[in-house]
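Participant: First the structure, which I've put down as structure tokens, then a few questions once you've had a look.
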Amino acid sequence: MRPTRLWPLLLLLGVFAAAAPPSDPLSQLPTPQHPKIRLYNAEQVLSWEPVALSNSTRPVVYRVQFKYTDSEWFMTDIMSIGVNCTQITATECDFTAASPSAGFPMDFNVTLRLRAELGALHSAWVTMPWFQHYRNVTVGPPENIEVTPGEGSLIIRFSSPFDIADTSTAFFWYYVHYWEKGGIQQVKGPFRSNSISLDNLKPFRVYCLQVQAQLLWNKSNIFRLGHLSNTSCYETMADASTELQQVILISVGTFSLLSVLAGACCFLVLKYRGLIKYWFHTPPSIPLQIEEYLKDPTQPILEVLDKDSSPKDDVWDSVSIISFPEKEQEDVLQTL
């Protein structure tokens with residue numbers, strides 16, 4: 001085709017272009033950017049960045065829809081999911097805001113989509129990848145951890161990171177990471193119970209520990225290892241053998257101390273016997289009458305003594321002298 005024959009066609013296109021109305025910049029809204037789903041313990045939260053429009057004063061609202069495997073799309077309202085995420089101005093939709101047990105079933109395959117709206121205008125749908133809560137959840141550490149020191153042991157009690165409705169399909173295992181302060185870390189577990197006892201620990205030693213949960217989903221053989229709890233340290237108490245040793249040591253120590261004290265006392269008594277006798281000897285006292293006389297010399301002391309002394313009868317024996325004639329006296333002497 002010659003160039004001269006193209007001119008009528010180009011001219012016609014220019015006419016139609018000039019006659020076409022100018023395009024409306026709000027005829028198509030931009031899509032929300034960077035949507036992400038937060039699955040932490042029992043939380044299910046969808047968030048995104050806001051859509052900014054420079055030539056509109058009206059607020060942009062957002063609509064969230066969901067569906068399960070091979071199902072149609074549903075509106076997120078109070079009747080369907082327990083929360084309203086239809087034409088909201090917030091840039092977040094918390095499906096578990098009503099209660100931790102609310103939200104999507106944890107073993108369901110869930111797909112979400114999101115769009116922005118302004119009056120009759122709206123953006124294209126942004127569809128997120130499907131998720132299953134048990135498969136994609138981030139498991140936090142056990143909660144409400146309480147540790148009771150025992151006799152050479154530590155008794156640990158806690159609650160699960162979140163509640164599981166049907167423990168036949170999913171449940172938690174627990175591990176305890178512990179170490180003597182400044183020592184090597186050890187791991188004990190798994191346990192199904194929420195009460196764990198660390199036995200055979202050294203008495204009167206400081207042990208530090210962390211507790212960790214692991215989610216097991218039987219249906220798909222999924223294991224989700226959780227975060228460790230904060231480190232906490234505790235001192236163990238004495239066990240029965242240590243208490244017996246303490247009693248024996250205290251008894252022996254007390255007996256030894258008493259023996260040493262008794263020996264020291266005996267040594268001091270023998271060495272300083274005269275001095276001790278002097279200290280504890282009662283000094284002689286002056287008779288009361290003499291003490292009164294010394295206070296008042298004019299008092300006749302002899303009369304006072306005679307007056308105070310109790311009269312006593314003299315005691316004597318009667319003696320009779322009998323004389324003998326000389327002859328009888330000689331006979332008596334010879335007889336003796």
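In the structure tokens, the first chain shown is A, the next is B, and so on; residue numbers restart at 1 for each chain, and ligands run from 1 in the order shown.
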Determine, counting only C-alpha atoms, which protein, DNA and RNA residues have an atom within 10 Å of an atom of Asn194 of chain A; residues of the same chain fewer than 4 positions away are not included. Present the result as number ranges by chain.

Facilitator: A: 142, 145, 156-160, 172-174

Participant: For the residues selected in the previous step, produce a file with N, CA and C atoms as an mmCIF file, in the first residue's frame.

Facilitator:
```cif
data_model
loop_
_atom_site.group_PDB
_atom_site.id
_atom_site.type_symbol
_atom_site.label_atom_id
_atom_site.label_comp_id
_atom_site.auth_asym_id
_atom_site.auth_seq_id
_atom_site.Cartn_x
_atom_site.Cartn_y
_atom_site.Cartn_z
ATOM 1 N N PRO A 142 4.634 -22.351 75.865
ATOM 2 C CA PRO A 142 3.580 -22.603 76.861
ATOM 3 C C PRO A 142 3.362 -21.386 77.745
ATOM 4 N N ILE A 145 3.586 -20.480 83.209
ATOM 5 C CA ILE A 145 4.568 -21.433 83.721
ATOM 6 C C ILE A 145 4.811 -21.168 85.208
ATOM 7 N N ILE A 156 7.351 -28.548 87.340
ATOM 8 C CA ILE A 156 6.977 -27.501 86.379
ATOM 9 C C ILE A 156 5.519 -27.720 85.975
ATOM 10 N N ARG A 157 4.717 -26.679 86.067
ATOM 11 C CA ARG A 157 3.322 -26.709 85.638
ATOM 12 C C ARG A 157 3.074 -25.558 84.676
ATOM 13 N N PHE A 158 2.245 -25.777 83.654
ATOM 14 C CA PHE A 158 2.000 -24.750 82.645
ATOM 15 C C PHE A 158 0.722 -25.098 81.897
ATOM 16 N N SER A 159 0.298 -24.188 81.038
ATOM 17 C CA SER A 159 -0.861 -24.418 80.170
ATOM 18 C C SER A 159 -0.399 -24.407 78.713
ATOM 19 N N SER A 160 -1.213 -24.988 77.843
ATOM 20 C CA SER A 160 -0.844 -25.111 76.431
ATOM 21 C C SER A 160 -0.864 -23.747 75.746
ATOM 22 N N PHE A 172 -0.489 -31.535 71.760
ATOM 23 C CA PHE A 172 0.834 -30.951 72.016
ATOM 24 C C PHE A 172 1.739 -31.959 72.721
ATOM 25 N N TRP A 173 2.997 -31.925 72.334
ATOM 26 C CA TRP A 173 4.078 -32.511 73.102
ATOM 27 C C TRP A 173 4.880 -31.383 73.714
ATOM 28 N N TYR A 174 5.521 -31.681 74.854
ATOM 29 C CA TYR A 174 6.290 -30.650 75.548
ATOM 30 C C TYR A 174 7.711 -31.154 75.833
#
```

Participant: Determine, counting only C-alpha atoms, which protein, DNA and RNA residues have an atom within 9 Å of an atom of Thr169 of chain A; residues of the same chain fewer than 5 positions away are not included. Present the result as a PyMOL selection string.

Facilitator: chain A and resi 216-219

Participant: Can you write just those residues out, N, CA, C and O atoms, as a compact mmCIF listing (two decimals), in the first residue's frame?

Facilitator:
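Wrote again-v6.txt, looks like this:
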```
# COMPACT_ATOMS: atom_id res chain seq x y z
N LEU A 216 1.31 -31.53 67.04
CA LEU A 216 1.24 -32.70 66.16
C LEU A 216 -0.17 -32.80 65.58
O LEU A 216 -1.15 -32.82 66.31
N TRP A 217 -0.24 -32.82 64.24
CA TRP A 217 -1.53 -32.98 63.55
C TRP A 217 -1.52 -34.36 62.90
O TRP A 217 -0.80 -34.60 61.91
N ASN A 218 -2.30 -35.24 63.46
CA ASN A 218 -2.28 -36.63 63.01
C ASN A 218 -2.73 -36.81 61.57
O ASN A 218 -2.20 -37.66 60.84
N LYS A 219 -3.70 -36.01 61.15
CA LYS A 219 -4.31 -36.20 59.84
C LYS A 219 -3.29 -36.10 58.72
O LYS A 219 -3.30 -36.91 57.77
```

Participant: Quick one: pull the distance between atom CA of Asn55 of chain A and atom CA of Ser123 of chain A, Å, one decimal.

Facilitator: 16.2 Å

Participant: Atom CA of Tyr62 of chain A to atom CA of Thr91 of chain A: how many Å, to one decimal?

Facilitator: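 Atom CA of Thr91 of chain A lies 7.7 Å from atom CA of Tyr62 of chain A.
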
Participant: Would you pick out the contacts of Pro50 of chain A at 9 Å or less, using only C-alpha atoms, so that residues sharing its chain but fewer than 5 positions from it are not included, and give the list as a list in words?

Facilitator: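 Residues meeting the cut-off are Pro32, Gln33, Val60, Ala90, Thr91 and Ala116 of chain A.
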
Participant: Any chance you can output those residues with C-alpha atoms as a short mmCIF file (atom, residue, chain, number, x, y, z; two decimals), in the first residue's frame?

Facilitator:
```
data_model
loop_
_atom_site.label_atom_id
_atom_site.label_comp_id
_atom_site.auth_asym_id
_atom_site.auth_seq_id
_atom_site.Cartn_x
_atom_site.Cartn_y
_atom_site.Cartn_z
CA PRO A 32 -4.42 -3.41 48.23
CA GLN A 33 -0.73 -4.18 48.51
CA VAL A 60 -11.61 3.77 50.72
CA ALA A 90 -9.51 -0.68 58.78
CA THR A 91 -6.62 -2.40 57.05
CA ALA A 116 -10.76 -2.02 47.71
#
```

Participant: Could you pull the residues within 12 Å of Leu154 of chain A, counting only C-alpha atoms, minus those fewer than 5 positions along the same chain, as a ChimeraX atom specification?

Facilitator: /A:146-149,176,178-180,195-209,232-239

Participant: Contacts of Arg63 of chain A at 6 Å or less, counting only C-alpha atoms, minus same-chain residues fewer than 5 places along, as a PDB file with all heavy atoms, in the first residue's frame?

Facilitator:
```pdb
ATOM      1  N   THR A  86     -16.634  -6.609  55.859  1.00  0.00           N
ATOM      2  CA  THR A  86     -17.233  -6.163  54.609  1.00  0.00           C
ATOM      3  C   THR A  86     -17.406  -4.656  54.665  1.00  0.00           C
ATOM      4  O   THR A  86     -18.057  -4.125  55.592  1.00  0.00           O
ATOM      5  CB  THR A  86     -18.594  -6.836  54.373  1.00  0.00           C
ATOM      6  OG1 THR A  86     -18.403  -8.259  54.318  1.00  0.00           O
ATOM      7  CG2 THR A  86     -19.234  -6.358  53.091  1.00  0.00           C
ATOM      8  N   GLN A  87     -16.784  -3.939  53.721  1.00  0.00           N
ATOM      9  CA  GLN A  87     -16.807  -2.479  53.651  1.00  0.00           C
ATOM     10  C   GLN A  87     -16.330  -1.867  54.969  1.00  0.00           C
ATOM     11  O   GLN A  87     -17.021  -1.074  55.599  1.00  0.00           O
ATOM     12  CB  GLN A  87     -18.207  -1.983  53.290  1.00  0.00           C
ATOM     13  CG  GLN A  87     -18.631  -2.351  51.866  1.00  0.00           C
ATOM     14  CD  GLN A  87     -19.942  -1.709  51.448  1.00  0.00           C
ATOM     15  OE1 GLN A  87     -20.821  -1.474  52.283  1.00  0.00           O
ATOM     16  NE2 GLN A  87     -20.078  -1.398  50.170  1.00  0.00           N
ATOM     17  N   LEU A 114      -9.338 -10.237  48.694  1.00  0.00           N
ATOM     18  CA  LEU A 114      -9.500  -8.881  49.211  1.00  0.00           C
ATOM     19  C   LEU A 114      -9.558  -7.903  48.048  1.00  0.00           C
ATOM     20  O   LEU A 114      -8.866  -8.087  47.045  1.00  0.00           O
ATOM     21  CB  LEU A 114      -8.314  -8.551  50.134  1.00  0.00           C
ATOM     22  CG  LEU A 114      -8.057  -7.096  50.507  1.00  0.00           C
ATOM     23  CD1 LEU A 114      -9.114  -6.606  51.479  1.00  0.00           C
ATOM     24  CD2 LEU A 114      -6.655  -6.974  51.110  1.00  0.00           C
ATOM     25  N   ARG A 115     -10.397  -6.870  48.225  1.00  0.00           N
ATOM     26  CA  ARG A 115     -10.407  -5.794  47.230  1.00  0.00           C
ATOM     27  C   ARG A 115     -10.758  -4.477  47.919  1.00  0.00           C
ATOM     28  O   ARG A 115     -11.337  -4.458  49.018  1.00  0.00           O
ATOM     29  CB  ARG A 115     -11.375  -6.079  46.102  1.00  0.00           C
ATOM     30  CG  ARG A 115     -12.846  -5.848  46.436  1.00  0.00           C
ATOM     31  CD  ARG A 115     -13.730  -6.099  45.227  1.00  0.00           C
ATOM     32  NE  ARG A 115     -15.136  -5.770  45.489  1.00  0.00           N
ATOM     33  CZ  ARG A 115     -16.121  -5.992  44.617  1.00  0.00           C
ATOM     34  NH1 ARG A 115     -15.862  -6.544  43.430  1.00  0.00           N
ATOM     35  NH2 ARG A 115     -17.367  -5.651  44.918  1.00  0.00           N
TER      36      ARG A 115
END
```

Participant: With only C-alpha atoms as the counted atoms, please give the residues lying no more than 6 Å from segment 225-229 of chain A, apart from itself and same-chain residues fewer than 2 positions off, as JSON, numbers by chain.

Facilitator: {"A": [139, 140, 141, 210, 211, 212, 213, 214]}

Participant: Those same residues - N, CA and C atoms - I'd like them written as a PDB file, in the first residue's frame.

Facilitator:
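Result saved to again.pdb:
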```pdb
ATOM      1  N   VAL A 139       3.648 -21.638  66.519  1.00  0.00           N
ATOM      2  CA  VAL A 139       3.306 -22.041  67.884  1.00  0.00           C
ATOM      3  C   VAL A 139       4.162 -21.253  68.868  1.00  0.00           C
ATOM      4  N   GLY A 140       3.509 -20.596  69.802  1.00  0.00           N
ATOM      5  CA  GLY A 140       4.227 -19.851  70.829  1.00  0.00           C
ATOM      6  C   GLY A 140       4.633 -20.753  71.988  1.00  0.00           C
ATOM      7  N   PRO A 141       5.303 -20.209  72.974  1.00  0.00           N
ATOM      8  CA  PRO A 141       5.712 -21.009  74.135  1.00  0.00           C
ATOM      9  C   PRO A 141       4.515 -21.328  75.028  1.00  0.00           C
ATOM     10  N   GLN A 210      13.865 -23.759  80.212  1.00  0.00           N
ATOM     11  CA  GLN A 210      12.937 -23.230  79.215  1.00  0.00           C
ATOM     12  C   GLN A 210      12.005 -24.368  78.797  1.00  0.00           C
ATOM     13  N   VAL A 211      10.752 -24.017  78.542  1.00  0.00           N
ATOM     14  CA  VAL A 211       9.761 -25.009  78.144  1.00  0.00           C
ATOM     15  C   VAL A 211       9.354 -24.736  76.696  1.00  0.00           C
ATOM     16  N   GLN A 212       9.154 -25.807  75.931  1.00  0.00           N
ATOM     17  CA  GLN A 212       8.824 -25.698  74.511  1.00  0.00           C
ATOM     18  C   GLN A 212       7.696 -26.664  74.172  1.00  0.00           C
ATOM     19  N   ALA A 213       6.784 -26.203  73.315  1.00  0.00           N
ATOM     20  CA  ALA A 213       5.664 -27.034  72.863  1.00  0.00           C
ATOM     21  C   ALA A 213       5.850 -27.406  71.398  1.00  0.00           C
ATOM     22  N   GLN A 214       5.320 -28.558  71.035  1.00  0.00           N
ATOM     23  CA  GLN A 214       5.325 -29.012  69.639  1.00  0.00           C
ATOM     24  C   GLN A 214       3.926 -29.508  69.283  1.00  0.00           C
TER      25      GLN A 214
END
```

Participant: Using Å and a single decimal, report how far atom CA of Asn136 of chain A sits from atom CA of Tyr40 of chain A.

Facilitator: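 Between atom CA of Tyr40 of chain A and atom CA of Asn136 of chain A the gap works out to 9.0 Å.
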
Participant: Rank A:Ala42, A:Tyr175, A:Leu112, A:Cys266 by their smallest atom-to-atom distance to Met75 of chain A, using only C-alpha atoms, and report the top residue only.

Facilitator: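 Nearest to Met75 of chain A: A:Leu112.
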